[in-house]
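Chemist: Contents of data.cif (mmCIF, C-alpha atoms) are below:
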```cif
data_my_file
loop_
_atom_site.label_atom_id
_atom_site.label_comp_id
_atom_site.auth_asym_id
_atom_site.auth_seq_id
_atom_site.Cartn_x
_atom_site.Cartn_y
_atom_site.Cartn_z
CA MET A 1 114.09 126.94 73.66
CA ARG A 2 113.67 125.53 70.14
CA ILE A 3 110.73 123.33 69.17
CA SER A 4 112.95 120.22 69.39
CA GLU A 5 113.78 121.00 73.01
CA LEU A 6 110.11 121.73 73.79
CA SER A 7 109.33 118.30 72.38
CA ARG A 8 112.06 116.60 74.42
CA GLU A 9 111.05 118.35 77.66
CA SER A 10 107.35 117.61 77.24
CA GLY A 11 107.55 114.18 75.62
CA VAL A 12 105.12 115.45 72.95
CA PRO A 13 106.22 114.73 69.32
CA ILE A 14 107.19 117.77 67.20
CA ALA A 15 104.42 117.01 64.67
CA THR A 16 101.83 117.13 67.48
CA ILE A 17 103.24 120.44 68.78
CA LYS A 18 103.01 121.91 65.26
CA PHE A 19 99.42 120.69 65.04
CA TYR A 20 98.55 122.34 68.38
CA LEU A 21 100.18 125.59 67.15
CA ARG A 22 98.14 125.53 63.93
CA GLU A 23 94.93 124.81 65.88
CA GLY A 24 95.62 127.68 68.27
CA LEU A 25 95.81 125.45 71.33
CA LEU A 26 99.37 126.64 71.93
CA PRO A 27 100.31 130.35 71.47
CA PRO A 28 102.96 131.02 68.79
CA GLY A 29 106.62 131.28 69.83
CA THR A 30 108.82 134.34 69.30
CA ARG A 31 110.00 134.36 65.68
CA THR A 32 113.83 134.51 65.39
CA ALA A 33 114.19 133.74 61.68
CA ARG A 34 111.86 133.05 58.77
CA ASN A 35 111.51 129.37 59.70
CA GLN A 36 112.43 129.48 63.35
CA ALA A 37 110.80 130.43 66.62
CA VAL A 38 111.71 130.08 70.27
CA TYR A 39 109.49 128.96 73.11
CA ASP A 40 109.62 129.48 76.87
CA ALA A 41 108.43 127.89 80.12
CA SER A 42 104.86 129.18 79.54
CA HIS A 43 104.67 127.11 76.34
CA LEU A 44 105.84 124.02 78.20
CA ARG A 45 103.17 124.56 80.88
CA ARG A 46 100.44 125.10 78.29
CA LEU A 47 101.55 122.05 76.34
CA ARG A 48 101.35 119.97 79.50
CA LEU A 49 97.84 121.31 80.17
CA VAL A 50 96.63 120.54 76.63
CA ARG A 51 98.08 117.05 76.96
CA VAL A 52 96.21 116.49 80.24
CA LEU A 53 92.97 117.76 78.73
CA VAL A 54 93.28 115.57 75.64
CA GLU A 55 94.94 112.41 76.95
CA VAL A 56 93.78 112.21 80.54
CA GLY A 57 90.49 114.07 80.23
CA GLY A 58 89.57 112.68 76.82
CA LEU A 59 88.45 116.14 75.63
CA SER A 60 87.80 116.77 71.95
CA LEU A 61 89.89 119.48 70.24
CA VAL A 62 86.83 121.75 70.12
CA ALA A 63 86.39 121.36 73.89
CA VAL A 64 90.10 122.01 74.53
CA ARG A 65 89.93 125.19 72.42
CA ARG A 66 86.93 126.38 74.45
CA VAL A 67 88.83 125.81 77.70
CA VAL A 68 92.01 127.46 76.39
CA GLU A 69 90.00 130.50 75.23
CA ALA A 70 88.32 130.81 78.62
CA LEU A 71 91.77 130.62 80.18
CA ALA A 72 93.17 133.36 77.90
CA ASP A 73 90.28 135.69 78.81
CA ASP A 74 91.26 137.11 82.21
CA SER A 75 87.70 138.29 82.79
CA THR A 76 86.45 134.68 83.07
CA PRO A 77 85.96 134.07 86.81
CA LEU A 78 87.79 130.99 88.11
CA PRO A 79 84.64 128.97 88.99
CA GLU A 80 83.36 129.44 85.44
CA LEU A 81 86.75 128.47 84.03
CA LEU A 82 86.84 125.31 86.12
CA GLY A 83 83.20 124.64 85.23
CA ALA A 84 84.02 124.81 81.52
CA ALA A 85 86.70 122.16 81.95
CA HIS A 86 84.60 120.04 84.28
CA TYR A 87 81.56 119.96 82.01
CA ALA A 88 83.71 119.20 78.96
CA LEU A 89 85.04 116.05 80.61
CA ASP A 90 83.48 112.83 79.42
CA ALA A 91 81.04 111.56 82.04
CA GLY A 92 80.75 108.11 80.49
CA PRO A 93 78.03 106.47 78.42
CA VAL A 94 74.38 106.91 79.37
CA THR A 95 71.56 104.91 77.82
CA ARG A 96 69.16 107.65 76.70
CA GLY A 97 65.45 106.99 76.88
CA PRO A 98 62.09 108.58 77.56
CA GLN A 99 62.41 107.97 81.29
CA LEU A 100 65.81 109.61 81.65
CA GLU A 101 64.46 113.18 81.85
CA ALA A 102 61.96 112.36 84.59
CA THR A 103 64.61 110.42 86.52
CA THR A 104 67.05 113.33 86.18
CA ARG A 105 64.49 115.68 87.77
CA GLU A 106 63.96 113.17 90.57
CA VAL A 107 67.69 112.85 91.20
CA ALA A 108 68.13 116.63 91.03
CA SER A 109 65.54 117.23 93.79
CA TRP A 110 67.28 114.71 96.00
CA ILE A 111 70.65 116.42 95.39
CA THR A 112 69.10 119.81 96.22
CA ALA A 113 67.50 118.39 99.37
CA ARG A 114 70.95 117.11 100.42
CA GLY A 115 72.12 120.73 100.32
CA TRP A 116 74.32 120.65 97.22
CA LYS A 117 73.95 123.61 94.91
CA VAL A 118 74.61 122.28 91.40
CA SER A 119 73.09 122.74 87.97
CA GLU A 120 70.43 120.26 86.89
CA ALA A 121 72.16 120.37 83.48
CA ALA A 122 75.44 118.96 84.86
CA PRO A 123 76.50 115.91 82.82
CA ALA A 124 77.10 114.07 86.10
CA MET A 125 73.41 114.59 87.01
CA THR A 126 72.38 112.71 83.85
CA ALA A 127 74.95 110.01 84.60
CA LEU A 128 73.55 109.58 88.11
CA ALA A 129 69.99 109.39 86.75
CA GLY A 130 71.24 106.73 84.29
CA ALA A 131 72.59 104.65 87.20
CA LEU A 132 69.26 104.88 89.04
CA LEU A 133 67.38 103.94 85.89
CA ALA A 134 69.65 100.89 85.39
CA LEU A 135 68.86 99.68 88.92
CA ARG A 136 65.12 100.04 88.31
CA GLN A 137 65.32 98.20 84.99
CA LEU A 138 66.88 95.39 87.00
CA GLY A 139 63.84 95.27 89.23
CA TRP A 140 65.16 97.26 92.20
CA SER A 141 62.37 99.41 93.66
CA VAL A 142 64.62 102.18 94.88
CA GLY A 143 64.84 105.96 94.92
CA PRO A 144 67.91 108.22 94.78
CA GLU A 145 68.39 107.59 98.55
CA VAL A 146 70.00 104.26 97.58
CA PHE A 147 73.10 106.37 96.81
CA GLU A 148 73.16 108.14 100.18
CA ARG A 149 76.36 106.55 101.54
CA TYR A 150 78.13 107.17 98.25
CA ALA A 151 77.11 110.83 98.37
CA THR A 152 78.53 111.14 101.89
CA HIS A 153 81.89 109.72 100.80
CA ALA A 154 81.93 111.85 97.64
CA ASP A 155 81.18 114.98 99.66
CA ASP A 156 84.02 114.26 102.05
CA LEU A 157 86.52 113.67 99.23
CA ALA A 158 85.45 116.67 97.13
CA GLY A 159 85.65 119.11 100.04
CA ASP A 160 89.39 118.48 100.39
CA GLU A 161 89.99 118.34 96.66
CA ILE A 162 88.64 121.84 96.17
CA VAL A 163 90.91 123.24 98.87
CA TYR A 164 93.80 121.87 96.83
CA VAL A 165 92.55 123.61 93.67
CA ALA A 166 91.92 126.87 95.56
CA ASN A 167 95.56 126.89 96.69
CA ALA A 168 96.97 126.58 93.15
CA PRO A 169 99.38 129.45 92.40
CA THR A 170 97.97 130.39 88.95
CA ARG A 171 94.74 130.03 86.98
CA GLU A 172 96.49 127.59 84.66
CA ALA A 173 97.64 125.50 87.62
CA ALA A 174 94.12 125.56 89.11
CA LEU A 175 92.72 124.35 85.79
CA GLU A 176 95.29 121.56 85.57
CA SER A 177 94.51 120.54 89.17
CA THR A 178 90.81 120.38 88.37
CA VAL A 179 91.29 118.09 85.40
CA VAL A 180 93.86 115.90 87.14
CA GLY A 181 91.77 115.81 90.30
CA THR A 182 88.63 114.88 88.45
CA VAL A 183 90.02 112.38 85.96
CA VAL A 184 93.15 110.77 87.41
CA PHE A 185 91.91 110.49 90.99
CA GLU A 186 88.55 109.28 89.71
CA ARG A 187 90.31 106.37 88.01
CA ALA A 188 92.30 105.72 91.16
CA LEU A 189 89.14 105.74 93.30
CA VAL A 190 87.35 103.32 90.98
CA ALA A 191 90.36 100.99 90.90
CA LEU A 192 90.79 101.09 94.68
CA ARG A 193 87.11 100.29 95.24
CA ARG A 194 87.44 97.20 93.04
CA LEU A 195 90.59 96.09 94.87
CA ALA A 196 88.86 96.63 98.21
CA GLN A 197 85.90 94.57 96.96
CA GLU A 198 88.27 91.75 96.02
CA HIS A 199 89.91 91.88 99.43
CA HIS A 200 86.62 91.90 101.37
CA SER A 201 85.13 89.27 99.09
CA ARG A 202 88.00 86.87 99.75
CA ALA A 203 87.87 87.56 103.47
CA ARG A 204 84.08 87.32 103.89
CA LEU A 205 82.92 84.78 101.33
CA HIS A 206 85.62 82.22 101.99
CA ASP A 207 83.34 79.79 103.77
CA TYR A 208 80.21 80.58 101.82
CA MET B 1 55.59 81.60 78.99
CA ARG B 2 56.15 81.97 75.25
CA ILE B 3 59.19 83.80 73.83
CA SER B 4 57.01 86.85 73.07
CA GLU B 5 56.02 87.12 76.73
CA LEU B 6 59.64 86.59 77.84
CA SER B 7 60.54 89.49 75.56
CA ARG B 8 57.76 91.71 76.94
CA GLU B 9 58.63 90.92 80.58
CA SER B 10 62.35 91.51 80.12
CA GLY B 11 62.27 94.34 77.61
CA VAL B 12 64.78 92.36 75.49
CA PRO B 13 63.83 92.06 71.77
CA ILE B 14 62.88 88.55 70.52
CA ALA B 15 65.76 88.56 68.01
CA THR B 16 68.24 89.19 70.85
CA ILE B 17 66.72 86.39 72.96
CA LYS B 18 67.07 84.01 70.00
CA PHE B 19 70.68 85.09 69.60
CA TYR B 20 71.40 84.43 73.31
CA LEU B 21 69.76 80.99 72.96
CA ARG B 22 71.92 80.12 69.92
CA GLU B 23 75.06 81.33 71.73
CA GLY B 24 74.24 79.25 74.81
CA LEU B 25 73.97 82.26 77.12
CA LEU B 26 70.37 81.29 77.87
CA PRO B 27 69.37 77.61 78.43
CA PRO B 28 66.82 76.24 75.93
CA GLY B 29 63.13 76.31 76.85
CA THR B 30 60.88 73.24 77.08
CA ARG B 31 59.81 72.25 73.57
CA THR B 32 56.01 72.06 73.18
CA ALA B 33 55.81 71.79 69.39
CA ARG B 34 58.26 71.62 66.49
CA ASN B 35 58.66 75.39 66.39
CA GLN B 36 57.60 76.32 69.89
CA ALA B 37 59.09 76.29 73.36
CA VAL B 38 58.03 77.64 76.73
CA TYR B 39 60.17 79.47 79.24
CA ASP B 40 59.90 80.00 82.99
CA ALA B 41 60.99 82.42 85.71
CA SER B 42 64.55 81.01 85.67
CA HIS B 43 64.90 82.10 82.03
CA LEU B 44 63.72 85.59 82.91
CA ARG B 45 66.28 85.80 85.73
CA ARG B 46 69.10 84.54 83.51
CA LEU B 47 68.11 86.94 80.74
CA ARG B 48 68.22 89.81 83.18
CA LEU B 49 71.68 88.69 84.35
CA VAL B 50 73.04 88.43 80.79
CA ARG B 51 71.64 91.87 80.06
CA VAL B 52 73.38 93.34 83.12
CA LEU B 53 76.66 91.69 82.17
CA VAL B 54 76.50 92.93 78.57
CA GLU B 55 74.84 96.33 78.87
CA VAL B 56 75.86 97.53 82.29
CA GLY B 57 79.13 95.63 82.66
CA GLY B 58 80.22 96.02 79.05
CA LEU B 59 81.32 92.34 78.94
CA SER B 60 82.08 90.70 75.61
CA LEU B 61 80.02 87.63 74.64
CA VAL B 62 83.04 85.41 75.29
CA ALA B 63 83.36 86.84 78.80
CA VAL B 64 79.60 86.40 79.45
CA ARG B 65 79.81 82.77 78.33
CA ARG B 66 82.72 82.17 80.72
CA VAL B 67 80.71 83.64 83.61
CA VAL B 68 77.55 81.70 82.69
CA GLU B 69 79.55 78.46 82.50
CA ALA B 70 81.11 79.11 85.91
CA LEU B 71 77.59 79.72 87.22
CA ALA B 72 76.25 76.46 85.76
CA ASP B 73 79.08 74.47 87.37
CA ASP B 74 77.96 74.05 91.00
CA SER B 75 81.48 73.08 92.03
CA THR B 76 82.76 76.62 91.33
CA PRO B 77 83.15 78.23 94.78
CA LEU B 78 81.32 81.56 95.11
CA PRO B 79 84.46 83.74 95.51
CA GLU B 80 85.86 82.28 92.27
CA LEU B 81 82.52 82.84 90.53
CA LEU B 82 82.42 86.47 91.64
CA GLY B 83 86.09 86.85 90.74
CA ALA B 84 85.40 85.63 87.19
CA ALA B 85 82.73 88.31 86.77
CA HIS B 86 84.78 90.99 88.49
CA TYR B 87 87.91 90.43 86.40
CA ALA B 88 85.89 90.29 83.18
CA LEU B 89 84.50 93.79 83.82
CA ASP B 90 86.14 96.52 81.83
CA ALA B 91 88.48 98.50 84.09
CA GLY B 92 88.84 101.36 81.62
CA PRO B 93 91.67 102.35 79.29
CA VAL B 94 95.27 102.23 80.47
CA THR B 95 98.17 103.71 78.53
CA ARG B 96 100.59 100.76 78.32
CA GLY B 97 104.29 101.47 78.44
CA PRO B 98 107.62 100.17 79.68
CA GLN B 99 107.15 101.83 83.08
CA LEU B 100 103.73 100.33 83.75
CA GLU B 101 105.04 96.99 85.02
CA ALA B 102 107.44 98.56 87.50
CA THR B 103 104.72 100.95 88.70
CA THR B 104 102.28 98.05 89.10
CA ARG B 105 104.77 96.28 91.39
CA GLU B 106 105.21 99.49 93.38
CA VAL B 107 101.46 99.95 93.75
CA ALA B 108 101.01 96.27 94.66
CA SER B 109 103.49 96.49 97.57
CA TRP B 110 101.67 99.53 98.90
CA ILE B 111 98.32 97.68 98.67
CA THR B 112 99.82 94.69 100.48
CA ALA B 113 101.30 96.95 103.17
CA ARG B 114 97.82 98.45 103.68
CA GLY B 115 96.63 94.94 104.56
CA TRP B 116 94.55 94.13 101.47
CA LYS B 117 94.99 90.64 100.11
CA VAL B 118 94.47 90.91 96.34
CA SER B 119 96.12 89.50 93.26
CA GLU B 120 98.83 91.59 91.62
CA ALA B 121 97.24 90.52 88.31
CA ALA B 122 93.92 92.23 89.12
CA PRO B 123 92.97 94.58 86.25
CA ALA B 124 92.25 97.27 88.85
CA MET B 125 95.87 97.06 90.00
CA THR B 126 97.06 97.96 86.50
CA ALA B 127 94.47 100.76 86.34
CA LEU B 128 95.74 102.16 89.64
CA ALA B 129 99.34 101.98 88.41
CA GLY B 130 98.21 103.83 85.26
CA ALA B 131 96.77 106.63 87.38
CA LEU B 132 100.01 106.97 89.36
CA LEU B 133 102.03 106.98 86.15
CA ALA B 134 99.80 109.74 84.70
CA LEU B 135 100.44 111.93 87.77
CA ARG B 136 104.20 111.43 87.42
CA GLN B 137 104.14 112.23 83.72
CA LEU B 138 102.51 115.50 84.77
CA GLY B 139 105.46 116.26 87.00
CA TRP B 140 104.02 115.19 90.36
CA SER B 141 106.75 113.56 92.47
CA VAL B 142 104.44 111.25 94.35
CA GLY B 143 104.20 107.63 95.48
CA PRO B 144 101.14 105.40 95.86
CA GLU B 145 100.50 107.07 99.27
CA VAL B 146 98.95 109.98 97.35
CA PHE B 147 95.87 107.72 97.06
CA GLU B 148 95.67 106.97 100.81
CA ARG B 149 92.43 108.87 101.53
CA TYR B 150 90.78 107.33 98.48
CA ALA B 151 91.77 103.87 99.69
CA THR B 152 90.21 104.54 103.08
CA HIS B 153 86.91 105.58 101.51
CA ALA B 154 86.99 102.64 99.08
CA ASP B 155 87.64 100.23 101.94
CA ASP B 156 84.70 101.56 103.92
CA LEU B 157 82.32 101.32 100.93
CA ALA B 158 83.47 97.86 99.82
CA GLY B 159 83.13 96.34 103.30
CA ASP B 160 79.39 97.03 103.30
CA GLU B 161 78.94 96.08 99.66
CA ILE B 162 80.28 92.59 100.24
CA VAL B 163 77.89 92.01 103.15
CA TYR B 164 75.08 92.75 100.70
CA VAL B 165 76.44 90.18 98.21
CA ALA B 166 76.98 87.59 100.95
CA ASN B 167 73.30 87.87 101.91
CA ALA B 168 72.02 87.18 98.39
CA PRO B 169 69.60 84.21 98.38
CA THR B 170 71.12 82.35 95.38
CA ARG B 171 74.41 82.14 93.49
CA GLU B 172 72.78 83.84 90.52
CA ALA B 173 71.53 86.67 92.75
CA ALA B 174 75.02 87.01 94.32
CA LEU B 175 76.55 87.26 90.86
CA GLU B 176 74.01 89.87 89.77
CA SER B 177 74.66 91.86 92.96
CA THR B 178 78.40 91.79 92.28
CA VAL B 179 78.07 93.14 88.77
CA VAL B 180 75.44 95.73 89.72
CA GLY B 181 77.41 96.72 92.81
CA THR B 182 80.63 97.09 90.88
CA VAL B 183 79.36 98.79 87.74
CA VAL B 184 76.17 100.72 88.54
CA PHE B 185 77.28 102.02 91.94
CA GLU B 186 80.70 102.83 90.50
CA ARG B 187 79.02 105.13 87.98
CA ALA B 188 76.92 106.64 90.72
CA LEU B 189 79.98 107.23 92.91
CA VAL B 190 81.88 108.91 90.07
CA ALA B 191 78.88 111.11 89.20
CA LEU B 192 78.31 112.07 92.84
CA ARG B 193 81.95 113.02 93.29
CA ARG B 194 81.74 115.35 90.29
CA LEU B 195 78.53 116.91 91.61
CA ALA B 196 80.12 117.36 95.04
CA GLN B 197 83.13 118.99 93.37
CA GLU B 198 80.83 121.42 91.57
CA HIS B 199 79.05 122.26 94.82
CA HIS B 200 82.26 122.80 96.81
CA SER B 201 83.86 124.67 93.93
CA ARG B 202 80.98 127.15 93.79
CA ALA B 203 80.95 127.54 97.55
CA ARG B 204 84.73 127.92 98.03
CA LEU B 205 85.99 129.65 94.93
CA HIS B 206 83.26 132.25 94.72
CA ASP B 207 85.48 135.12 95.83
CA TYR B 208 88.68 133.82 94.24
#
```
Would you put the structure from the file into structure tokens?
Modeler:
Amino acid sequence: MRISELSRESGVPIATIKFYLREGLLPPGTRTARNQAVYDASHLRRLRLVRVLVEVGGLSLVAVRRVVEALADDSTPLPELLGAAHYALDAGPVTRGPQLEATTREVASWITARGWKVSEAAPAMTALAGALLALRQLGWSVGPEVFERYATHADDLAGDEIVYVANAPTREAALESTVVGTVVFERALVALRRLAQEHHSRARLHDY
Amino acid sequence: MRISELSRESGVPIATIKFYLREGLLPPGTRTARNQAVYDASHLRRLRLVRVLVEVGGLSLVAVRRVVEALADDSTPLPELLGAAHYALDAGPVTRGPQLEATTREVASWITARGWKVSEAAPAMTALAGALLALRQLGWSVGPEVFERYATHADDLAGDEIVYVANAPTREAALESTVVGTVVFERALVALRRLAQEHHSRARLHDY
């Protein structure tokens, strides 16, 4: 297909596609004339992936290039490939401070004791430490155990999500599933929790 | 206590406290001399609340003032007070578009059918519709039911969270619990889900 058709199919403007081609985020098409090239289904898939990474995942172009390079290198094992995408995703703002490092170590030991094998350097570990620190600054005398129920729910959700990723037909599809699973369903979960809070609040606090 | 002690106790700089006083977010202290006033425990509590609303909740000053005014008016029923805070919280970015309204209605009927009584105008409803729209733009032919498991987990978490708020000793404490519960635990939940994904991913995809 021509670039105009690729644009129509993907909903991505031609100028953006040309930018992705120049930046190496999208492999070049097959040249058919001096100023013309044709693209195939693999370009459409890649374009969709880049769009998910940028628009849904909020990845910077540098981060997208790193992920795309890991994807192109067949020797990158799938867990590492997914890890590259996962770690590049924005984990939200964290108020840095002298206590954050100590709190991160505290949170990491709790996570390890719960039986999860994850890196202490995971951005989500810092984000979790930031949440604990916020509670303490508000005067709550609590440890990481305050998050226990949340960890149980998260564990239950993630177990099924990974099965979905593991069943993806290609590495590219697995990568897309990871980003979509992490970002889109995360937004859905957050929104649903707020709606559930509104529902329970109306039901329980009515005669307060 | 003097303003310097209020600053030390709360960790909020004197200049910021003066700004909150000028903006009416903090009630004035008791004047003891032409340029001096003293503050009590109620000021410390209010300062802590404003700080949570601004720093943790990401509320604008206008939104904080609205919440503080609702709090000062004893005739505001608690569910309305909590609702004012809840709705003022940032629900994250949503890509607006012509399809968003129709998707919001679709999502709202599903929520109603699940038995939750919430307003269709809730910011979280729009956020949920945005998530569904993102999936469809990625080629997933799915309805709101794709979020069913997430709704179940959200419902279970929120039920307990509201009991906690309902047991708060004062209206101010209930309001603080709502904001902390919504924002801080939301961050913790999101972080824990990502950590759980990393753990399950390493465990399951190892021999992929």
Chemist: Using all atoms listed in the file, find each residue of chain A with at least one atom at most 8 Å away from an atom of chain B; report its shortest atom-to-atom pair and that distance in Å (one decimal), sort the rows by chain and rising residue number, and return the result as JSON lines.
Modeler:
```
{"residue": "A:Arg48", "atom": "CA", "partner": "B:Leu138", "partner_atom": "CA", "distance": 7.0}
{"residue": "A:Val52", "atom": "CA", "partner": "B:Leu138", "partner_atom": "CA", "distance": 7.8}
{"residue": "A:Val56", "atom": "CA", "partner": "B:Ala134", "partner_atom": "CA", "distance": 7.7}
{"residue": "A:Pro77", "atom": "CA", "partner": "B:Tyr208", "partner_atom": "CA", "distance": 7.9}
{"residue": "A:Leu78", "atom": "CA", "partner": "B:Tyr208", "partner_atom": "CA", "distance": 6.8}
{"residue": "A:Pro79", "atom": "CA", "partner": "B:Leu205", "partner_atom": "CA", "distance": 6.1}
{"residue": "A:Gly83", "atom": "CA", "partner": "B:Glu198", "partner_atom": "CA", "distance": 7.5}
{"residue": "A:Ala91", "atom": "CA", "partner": "B:Ala191", "partner_atom": "CA", "distance": 7.5}
{"residue": "A:Trp116", "atom": "CA", "partner": "B:His199", "partner_atom": "CA", "distance": 5.5}
{"residue": "A:Lys117", "atom": "CA", "partner": "B:His199", "partner_atom": "CA", "distance": 5.3}
{"residue": "A:Val118", "atom": "CA", "partner": "B:His199", "partner_atom": "CA", "distance": 5.6}
{"residue": "A:Ala122", "atom": "CA", "partner": "B:Leu195", "partner_atom": "CA", "distance": 7.7}
{"residue": "A:Ala124", "atom": "CA", "partner": "B:Ala191", "partner_atom": "CA", "distance": 4.6}
{"residue": "A:Met125", "atom": "CA", "partner": "B:Ala191", "partner_atom": "CA", "distance": 6.8}
{"residue": "A:Ala127", "atom": "CA", "partner": "B:Ala191", "partner_atom": "CA", "distance": 6.1}
{"residue": "A:Leu128", "atom": "CA", "partner": "B:Ala188", "partner_atom": "CA", "distance": 5.2}
{"residue": "A:Ala131", "atom": "CA", "partner": "B:Val184", "partner_atom": "CA", "distance": 5.5}
{"residue": "A:Ala134", "atom": "CA", "partner": "B:Val184", "partner_atom": "CA", "distance": 7.2}
{"residue": "A:Leu135", "atom": "CA", "partner": "B:Val184", "partner_atom": "CA", "distance": 7.4}
{"residue": "A:Leu138", "atom": "CA", "partner": "B:Arg48", "partner_atom": "CA", "distance": 6.9}
{"residue": "A:Phe147", "atom": "CA", "partner": "B:Ala188", "partner_atom": "CA", "distance": 7.2}
{"residue": "A:Arg149", "atom": "CA", "partner": "B:Leu157", "partner_atom": "CA", "distance": 8.0}
{"residue": "A:Tyr150", "atom": "CA", "partner": "B:Leu189", "partner_atom": "CA", "distance": 5.7}
{"residue": "A:Ala151", "atom": "CA", "partner": "B:Leu192", "partner_atom": "CA", "distance": 5.8}
{"residue": "A:His153", "atom": "CA", "partner": "B:His153", "partner_atom": "CA", "distance": 6.5}
{"residue": "A:Ala154", "atom": "CA", "partner": "B:Arg193", "partner_atom": "CA", "distance": 4.5}
{"residue": "A:Asp155", "atom": "CA", "partner": "B:Ala196", "partner_atom": "CA", "distance": 5.3}
{"residue": "A:Leu157", "atom": "CA", "partner": "B:Arg193", "partner_atom": "CA", "distance": 7.5}
{"residue": "A:Ala158", "atom": "CA", "partner": "B:Gln197", "partner_atom": "CA", "distance": 5.0}
{"residue": "A:Gly159", "atom": "CA", "partner": "B:His200", "partner_atom": "CA", "distance": 6.0}
{"residue": "A:Glu161", "atom": "CA", "partner": "B:Gln197", "partner_atom": "CA", "distance": 7.6}
{"residue": "A:Ile162", "atom": "CA", "partner": "B:Ser201", "partner_atom": "CA", "distance": 6.0}
{"residue": "A:Val163", "atom": "CA", "partner": "B:Arg204", "partner_atom": "CA", "distance": 7.8}
{"residue": "A:Ala166", "atom": "CA", "partner": "B:Leu205", "partner_atom": "CA", "distance": 6.6}
{"residue": "A:Val180", "atom": "CA", "partner": "B:Leu135", "partner_atom": "CA", "distance": 7.7}
{"residue": "A:Thr182", "atom": "CA", "partner": "B:Arg194", "partner_atom": "CA", "distance": 7.1}
{"residue": "A:Val184", "atom": "CA", "partner": "B:Ala131", "partner_atom": "CA", "distance": 5.5}
{"residue": "A:Phe185", "atom": "CA", "partner": "B:Ala131", "partner_atom": "CA", "distance": 7.2}
{"residue": "A:Glu186", "atom": "CA", "partner": "B:Val190", "partner_atom": "CA", "distance": 6.7}
{"residue": "A:Arg187", "atom": "CA", "partner": "B:Ala131", "partner_atom": "CA", "distance": 6.5}
{"residue": "A:Ala188", "atom": "CA", "partner": "B:Leu128", "partner_atom": "CA", "distance": 5.2}
{"residue": "A:Leu189", "atom": "CA", "partner": "B:Tyr150", "partner_atom": "CA", "distance": 5.7}
{"residue": "A:Val190", "atom": "CA", "partner": "B:Glu186", "partner_atom": "CA", "distance": 6.7}
{"residue": "A:Ala191", "atom": "CA", "partner": "B:Ala124", "partner_atom": "CA", "distance": 4.6}
{"residue": "A:Leu192", "atom": "CA", "partner": "B:Ala151", "partner_atom": "CA", "distance": 5.8}
{"residue": "A:Arg193", "atom": "CA", "partner": "B:Ala154", "partner_atom": "CA", "distance": 4.5}
{"residue": "A:Arg194", "atom": "CA", "partner": "B:Ala124", "partner_atom": "CA", "distance": 6.4}
{"residue": "A:Leu195", "atom": "CA", "partner": "B:Ala124", "partner_atom": "CA", "distance": 6.4}
{"residue": "A:Ala196", "atom": "CA", "partner": "B:Asp155", "partner_atom": "CA", "distance": 5.3}
{"residue": "A:Gln197", "atom": "CA", "partner": "B:Ala158", "partner_atom": "CA", "distance": 5.0}
{"residue": "A:Glu198", "atom": "CA", "partner": "B:Val118", "partner_atom": "CA", "distance": 6.3}
{"residue": "A:His199", "atom": "CA", "partner": "B:Lys117", "partner_atom": "CA", "distance": 5.3}
{"residue": "A:His200", "atom": "CA", "partner": "B:Gly159", "partner_atom": "CA", "distance": 6.0}
{"residue": "A:Ser201", "atom": "CA", "partner": "B:Ile162", "partner_atom": "CA", "distance": 6.0}
{"residue": "A:Arg202", "atom": "CA", "partner": "B:Pro79", "partner_atom": "CA", "distance": 6.3}
{"residue": "A:Arg204", "atom": "CA", "partner": "B:Ile162", "partner_atom": "CA", "distance": 7.5}
{"residue": "A:Leu205", "atom": "CA", "partner": "B:Pro79", "partner_atom": "CA", "distance": 6.1}
{"residue": "A:His206", "atom": "CA", "partner": "B:Pro79", "partner_atom": "CA", "distance": 6.8}
{"residue": "A:Tyr208", "atom": "CA", "partner": "B:Leu78", "partner_atom": "CA", "distance": 6.9}
```
Chemist: If we count only C-alpha atoms, what is near B:Gly143 at a cut-off of 9 Å, once residues fewer than 5 positions away on the same chain are taken out, given as a list of chain:residue names?
Modeler: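 Counting only the stated atoms, we get B:Glu106, B:Val107, B:Leu132, B:Arg136.
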Chemist: Which distance in Å separates atom CA of B:Val67 and atom CA of B:Ala84, to one decimal?
Modeler: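 So the answer is 6.2 Å.
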Chemist: If we count all atoms listed in the file, what is near B:Val68 at a cut-off of 7 Å, once residues fewer than 4 positions away on the same chain are taken out, given as a list in words?
Modeler: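 Once the adjacent positions are removed, what remains is Leu25, Val64 and Ala72 of chain B.
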Chemist: May I have the selected residues written with C-alpha atoms, as a PDB file, keeping the file's coordinate frame?
Modeler:
```
ATOM      1  CA  LEU B  25      73.970  82.260  77.120  1.00  0.00           C
ATOM      2  CA  VAL B  64      79.600  86.400  79.450  1.00  0.00           C
ATOM      3  CA  ALA B  72      76.250  76.460  85.760  1.00  0.00           C
TER       4      ALA B  72
END
```
Chemist: Just need the box for stretch 31-45 of chain B, edges along x, y and z, holding every atom the file lists for it with 6 Å tacked onto each side, so centre and edge lengths in Å to one decimal, as lines of an AutoDock Vina configuration file.
Modeler:
```
center_x = 61.0
center_y = 78.7
center_z = 76.1
size_x = 22.5
size_y = 26.2
size_z = 31.3
```
Chemist: Counting all atoms listed in the file, which of B:Val62, B:Val12, B:Leu175, B:Leu6 gets nearest to B:His43?
Modeler: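 That would be B:Leu6, the residue with the smallest distance to B:His43.
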Chemist: Could you tell me how far atom CA of B:Ala88 sits from atom CA of A:Pro144, in Å to one decimal place?
Modeler: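 Separating atom CA of A:Pro144 from atom CA of B:Ala88 is a distance of 27.9 Å.
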